[in-house]
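J.: Input data-v3.csv, format and content: CSV, C-alpha atoms.
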chain,number,residue,atom,x,y,z
W,1,MET,CA,1.8,-2.5,-7.6
W,2,ASP,CA,5.0,-0.7,-6.5
W,3,THR,CA,3.1,2.6,-6.0
W,4,LEU,CA,0.5,0.7,-4.0
W,5,LEU,CA,3.1,-0.8,-1.6
W,6,ASP,CA,4.9,2.5,-1.4
W,7,LEU,CA,1.7,4.3,-0.4
W,8,LEU,CA,0.8,1.6,2.1
W,9,ASN,CA,4.3,1.8,3.6
W,10,SER,CA,4.6,5.6,3.5
W,11,ARG,CA,4.1,5.9,7.3
W,12,PRO,CA,6.7,3.5,8.8
W,13,LEU,CA,7.9,3.4,12.4
W,14,VAL,CA,11.6,4.4,12.7
W,15,ASN,CA,13.1,3.8,16.1
W,16,GLY,CA,9.6,3.6,17.5
W,17,GLU,CA,8.5,6.9,16.0
W,18,GLU,CA,6.1,7.2,13.1
W,19,GLN,CA,7.5,8.9,10.0
W,20,ASP,CA,5.0,10.2,7.5
W,21,ALA,CA,6.3,10.7,3.9
W,22,LEU,CA,3.0,12.5,3.1
W,23,GLY,CA,2.9,14.5,6.3
W,24,ASP,CA,4.6,17.7,5.3
W,25,PRO,CA,3.9,19.5,2.0
W,26,VAL,CA,7.5,19.5,0.8
W,27,GLY,CA,8.1,15.8,1.4
W,28,GLY,CA,4.7,14.9,0.3
W,29,LYS,CA,5.0,16.8,-2.9
W,30,ARG,CA,8.3,15.0,-3.6
W,31,TRP,CA,6.7,11.6,-2.9
W,32,ALA,CA,3.8,12.3,-5.2
W,33,ARG,CA,5.9,13.6,-8.0
W,34,GLU,CA,8.2,10.5,-7.7
W,35,HIS,CA,5.1,8.4,-8.2
W,36,GLY,CA,3.7,10.3,-11.2
W,37,GLY,CA,1.5,12.8,-9.3
W,38,GLU,CA,1.4,16.5,-9.3
W,39,GLY,CA,2.1,17.1,-5.6
W,40,SER,CA,-0.8,19.5,-4.9
W,41,LEU,CA,-2.2,19.9,-1.4
W,42,ALA,CA,-5.5,18.4,-2.6
W,43,GLU,CA,-3.7,15.4,-4.1
W,44,LEU,CA,-1.7,14.9,-0.8
W,45,ALA,CA,-4.9,15.0,1.3
W,46,LEU,CA,-6.6,12.4,-1.0
W,47,LEU,CA,-3.4,10.2,-0.9
W,48,ARG,CA,-3.5,10.3,2.9
W,49,GLU,CA,-7.2,9.4,2.9
W,50,ALA,CA,-6.5,6.6,0.3
W,51,ARG,CA,-3.6,5.2,2.4
W,52,ASP,CA,-5.6,5.1,5.6
W,53,ALA,CA,-8.6,3.5,3.9
W,54,LEU,CA,-6.4,0.9,2.1
W,55,GLN,CA,-4.5,0.0,5.3
W,56,ASN,CA,-7.7,-0.6,7.1
W,57,VAL,CA,-9.0,-2.8,4.2
W,58,VAL,CA,-5.8,-4.8,3.9
W,59,ARG,CA,-5.7,-5.3,7.7
W,60,GLY,CA,-9.3,-6.5,7.5
W,61,GLU,CA,-10.6,-3.7,9.8
W,62,SER,CA,-12.8,-2.3,7.0
W,63,PRO,CA,-14.7,-3.9,4.1
W,64,PRO,CA,-13.5,-3.0,0.5
W,65,ALA,CA,-16.7,-0.9,0.2
W,66,ALA,CA,-14.8,1.7,2.4
W,67,LEU,CA,-12.8,2.6,-0.7
W,68,SER,CA,-16.0,3.6,-2.7
W,69,SER,CA,-15.7,7.3,-1.8
W,70,LEU,CA,-12.3,7.4,-3.4
W,71,LEU,CA,-13.9,6.4,-6.7
W,72,GLU,CA,-16.7,8.9,-6.8
W,73,GLY,CA,-16.8,10.7,-10.1
W,74,VAL,CA,-14.4,8.3,-11.8
W,75,HIS,CA,-15.3,7.0,-15.2
W,76,GLN,CA,-13.7,4.5,-17.5
W,77,ILE,CA,-13.9,5.4,-21.2
W,78,PRO,CA,-13.5,2.7,-23.9
W,79,GLU,CA,-11.3,3.5,-26.8
W,80,PHE,CA,-10.2,1.4,-29.8
W,81,THR,CA,-6.6,1.6,-30.7
W,82,SER,CA,-4.3,-0.4,-32.9
W,83,ASP,CA,-3.8,-2.8,-30.0
W,84,GLY,CA,-7.5,-3.3,-29.5
W,85,LEU,CA,-9.9,-2.1,-26.9
W,86,GLN,CA,-8.3,0.1,-24.2
W,87,TRP,CA,-10.0,1.6,-21.1
W,88,THR,CA,-9.0,5.1,-20.1
W,89,VAL,CA,-9.7,6.3,-16.5
W,90,LYS,CA,-11.2,9.8,-16.3
W,91,THR,CA,-10.8,11.5,-13.0
W,92,PRO,CA,-9.9,15.0,-11.7
W,93,PRO,CA,-6.1,15.6,-11.9
W,94,HIS,CA,-5.7,15.8,-8.1
W,95,ALA,CA,-7.4,12.4,-7.7
W,96,ARG,CA,-5.7,10.4,-10.5
W,97,LEU,CA,-2.8,9.0,-8.4
W,98,ALA,CA,-5.1,7.9,-5.5
W,99,VAL,CA,-7.5,6.3,-8.0
W,100,GLU,CA,-4.7,4.5,-9.7
W,101,VAL,CA,-3.6,3.1,-6.3
W,102,VAL,CA,-7.1,1.9,-5.5
W,103,LEU,CA,-7.3,0.2,-9.0
W,104,ALA,CA,-3.9,-1.4,-8.4
W,105,TRP,CA,-5.2,-2.8,-5.1
W,106,ALA,CA,-8.3,-4.2,-6.8
W,107,ALA,CA,-6.1,-5.8,-9.5
W,108,THR,CA,-3.8,-7.2,-6.9
W,109,GLU,CA,-6.7,-8.7,-5.0
W,110,LYS,CA,-8.0,-10.3,-8.2
W,111,GLN,CA,-4.6,-11.6,-9.5
W,112,LEU,CA,-3.0,-12.4,-6.2
W,113,PRO,CA,-5.8,-12.8,-3.6
W,114,GLY,CA,-4.6,-12.8,0.0
W,115,ARG,CA,-1.0,-12.0,-0.9
W,116,LEU,CA,-1.1,-8.3,0.1
W,117,ARG,CA,-1.0,-8.2,3.9
W,118,PRO,CA,0.5,-6.4,6.9
W,119,CYS,CA,3.8,-7.5,8.4
W,120,ALA,CA,3.4,-10.1,11.1
W,121,ASN,CA,5.6,-8.1,13.5
W,122,ASP,CA,3.2,-6.3,15.8
W,123,LYS,CA,5.7,-3.4,16.2
W,124,CYS,CA,5.8,-2.8,12.5
W,125,GLN,CA,3.4,-0.8,10.4
W,126,LEU,CA,4.6,-2.0,7.0
W,127,PHE,CA,2.9,-4.2,4.4
W,128,LEU,CA,4.2,-6.8,2.1
W,129,LEU,CA,3.1,-8.4,-1.2
W,130,ASP,CA,3.9,-12.1,-0.9
W,131,ARG,CA,5.3,-13.3,-4.2
W,132,SER,CA,6.6,-16.6,-2.9
W,133,ARG,CA,5.3,-19.9,-4.3
W,134,ALA,CA,4.1,-21.2,-1.0
W,135,ASN,CA,2.3,-17.9,0.0
W,136,ARG,CA,3.8,-18.1,3.5
W,137,ALA,CA,5.8,-14.8,3.8
W,138,ARG,CA,5.0,-13.1,7.1
W,139,TRP,CA,7.4,-10.2,7.4
W,140,CYS,CA,8.0,-7.1,5.4
W,141,SER,CA,11.7,-7.8,5.6
W,142,MET,CA,13.4,-11.0,6.6
W,143,ALA,CA,16.5,-9.1,7.6
W,144,VAL,CA,14.7,-6.8,9.9
W,145,CYS,CA,11.3,-8.0,11.2
W,146,GLY,CA,11.8,-11.7,10.5
W,147,ASN,CA,15.2,-11.8,12.1
W,148,ARG,CA,13.9,-10.0,15.2
W,149,GLU,CA,11.0,-12.3,15.6
W,150,LYS,CA,13.1,-15.4,15.2
W,151,ALA,CA,15.7,-14.1,17.7
W,152,ARG,CA,12.9,-13.3,20.2
W,153,ARG,CA,11.4,-16.8,19.8
W,154,HIS,CA,14.8,-18.4,20.2
W,155,TYR,CA,15.5,-16.3,23.3
W,156,GLU,CA,12.1,-17.4,24.8
W,157,ARG,CA,12.8,-21.1,24.1
W,158,THR,CA,16.3,-21.0,25.7
W,159,ARG,CA,15.4,-19.1,28.8
Show me, as C-alpha cells, the structure contained in the file I just sent.

T.:
Amino acid sequence: MDTLLDLLNSRPLVNGEEQDALGDPVGGKRWAREHGGEGSLAELALLREARDALQNVVRGESPPAALSSLLEGVHQIPEFTSDGLQWTVKTPPHARLAVEVVLAWAATEKQLPGRLRPCANDKCQLFLLDRSRANRARWCSMAVCGNREKARRHYERTR
C-alpha cells in the first residue's frame, strides 16, 4: 500500500508548482529503484501511465476498467509451497512494479473500500488512505492542508 500511495503522490504541488518524481530519467530511476523496480525508461513510462490512470479512478473521473490496459499479458500462476497455495504474478520485468501497484489498489479497494481518496484541499494533488475508525479523514496532512482549510474557514466566519 505504501508504494501505491507513493506513486499516487509522486506529482505534488510545491509552492504552487507541480513536481514530478518520475518526470526526469535520473529522479525517476531513483524513485523506481527505491520501490523495488529497475528504473528503465520503459518502466518509468508505464509507471507514469499507471499513476495517471489510478489518479483518475480514485478521483472517480474514470471507471476501474480504465486500468485494464495495464494488466494486459499479466498472468497469475498457482504454486504449492510448504505454506500452501501461492499465486505468482508473471509479467514483463519493466511492467512488474506498475502491475503490483494496480494489484495493491485492487486489494485496498476490497479490504478498505472508499478509504483511498484525494485530499479535500482543492489546491492539493495528493491522496490519502484513511485508516481512522470513523472513516472521516479529509486531508492528506492535518498539519498542512487541514490546518490551512480550518484557518480559511475561521477567517471567513470572523470577517

J.: Pick from W:Leu126, W:Met1, W:Val101, W:Val14: nearest to Ala50 (chain W), with all atoms listed in the file counted?

T.: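 Closest candidate: W:Val101.
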
J.: Hey, can you check how far CA of Ala120 (chain W) sits from CA of Leu46 (chain W)?

T.: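 Spanning CA of Ala120 (chain W) to CA of Leu46 (chain W) is a straight-line distance of 27.4 Å.
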
J.: Mind checking which residues fall within 6 Å of region 29-44 of chain W, counting all atoms listed in the file, ignoring those fewer than 3 positions away in the same chain, and posting them as an MDAnalysis selection string?

T.: chainID W and resid 25:26 47 94:95 97

J.: Which residues, written as a list of chain:residue names, have at least one atom at most 10 Å from region 65-71 of chain W, with only C-alpha atoms counted and residues fewer than 5 positions away on the same chain left out?

T.: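 Neighbouring residues, sequence-local ones excluded: W:Leu46, W:Leu47, W:Glu49, W:Ala50, W:Asp52, W:Ala53, W:Leu54, W:Asn56, W:Val57, W:Thr91, W:Ala95, W:Arg96, W:Ala98, W:Val99, W:Glu100, W:Val102, W:Leu103.
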
J.: Quick one, how far is CA of Ala137 (chain W) from CA of Ala106 (chain W)?

T.: 20.6 Å

J.: Just how far from CA of Gln111 (chain W) is CA of Leu129 (chain W), in Å to one decimal?

T.: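 Here the two named atoms are 11.8 Å from each other.
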
J.: Report as a VMD selection string all protein, DNA and RNA residues lying within 9 Å of Cys140 (chain W), evaluated on all atoms listed in the file, omitting residues in the same chain fewer than 6 positions from it.

T.: chain W and resid 118 to 121 124 126 to 129 146

J.: Within 12 Å of Glu17 (chain W), counting all atoms listed in the file, which residues qualify if same-chain residues fewer than 4 places away don't, as an mmCIF file with C-alpha atoms, in the coordinates of the input?

T.:
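Resulting contents of around28.cif:
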data_model
loop_
_atom_site.group_PDB
_atom_site.id
_atom_site.type_symbol
_atom_site.label_atom_id
_atom_site.label_comp_id
_atom_site.auth_asym_id
_atom_site.auth_seq_id
_atom_site.Cartn_x
_atom_site.Cartn_y
_atom_site.Cartn_z
ATOM 1 C CA ARG W 11 4.100 5.900 7.300
ATOM 2 C CA PRO W 12 6.700 3.500 8.800
ATOM 3 C CA LEU W 13 7.900 3.400 12.400
ATOM 4 C CA LYS W 123 5.700 -3.400 16.200
ATOM 5 C CA CYS W 124 5.800 -2.800 12.500
ATOM 6 C CA GLN W 125 3.400 -0.800 10.400
#

J.: For Asn135 (chain W), find every residue with an atom within 12 Å (counting all atoms listed in the file), except residues of its own chain fewer than 5 positions away, and show them as a list in words.

T.: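 Once the adjacent positions are removed, what remains is Leu112, Pro113, Gly114, Arg115, Leu116, Arg117, Leu128, Leu129 and Asp130 of chain W.
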
J.: Pick out the closest residue to Gln55 (chain W) from this set: W:Glu156, W:Arg133, W:Glu72, W:Leu8. Count only C-alpha atoms.

T.: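 Among the listed residues, the smallest separation from Gln55 (chain W) belongs to W:Leu8.
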
J.: From the options W:Ala134, W:Ser62, W:Val89, W:Asn15, which residue's atoms come nearest to Val74 (chain W), counting only C-alpha atoms?

T.: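 Selected residue with least distance to Val74 (chain W): W:Val89.
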
J.: Return the single residue from W:Ser132, W:Cys145, W:Pro64, W:Ala104 that is closest to Asp6 (chain W), with distances computed using all atoms listed in the file.

T.: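 Checking each candidate against Asp6 (chain W), we get W:Ala104 as the closest.
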
J.: Just checking: using all atoms listed in the file, which residue out of W:Arg51, W:Arg131, W:Lys90, W:Arg136 ends up closest to Leu22 (chain W)?

T.: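 Once distances to Leu22 (chain W) are computed over all atoms listed in the file, the minimum belongs to W:Arg51.
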
J.: Each side padded by 4 Å, which centre and which edge lengths in Å (one decimal) define the axis-aligned box around the listed atoms of region 112-115 of chain W? Give them as JSON.

T.:
{"center_x": -3.4, "center_y": -12.4, "center_z": -3.1, "size_x": 12.8, "size_y": 8.8, "size_z": 14.2}
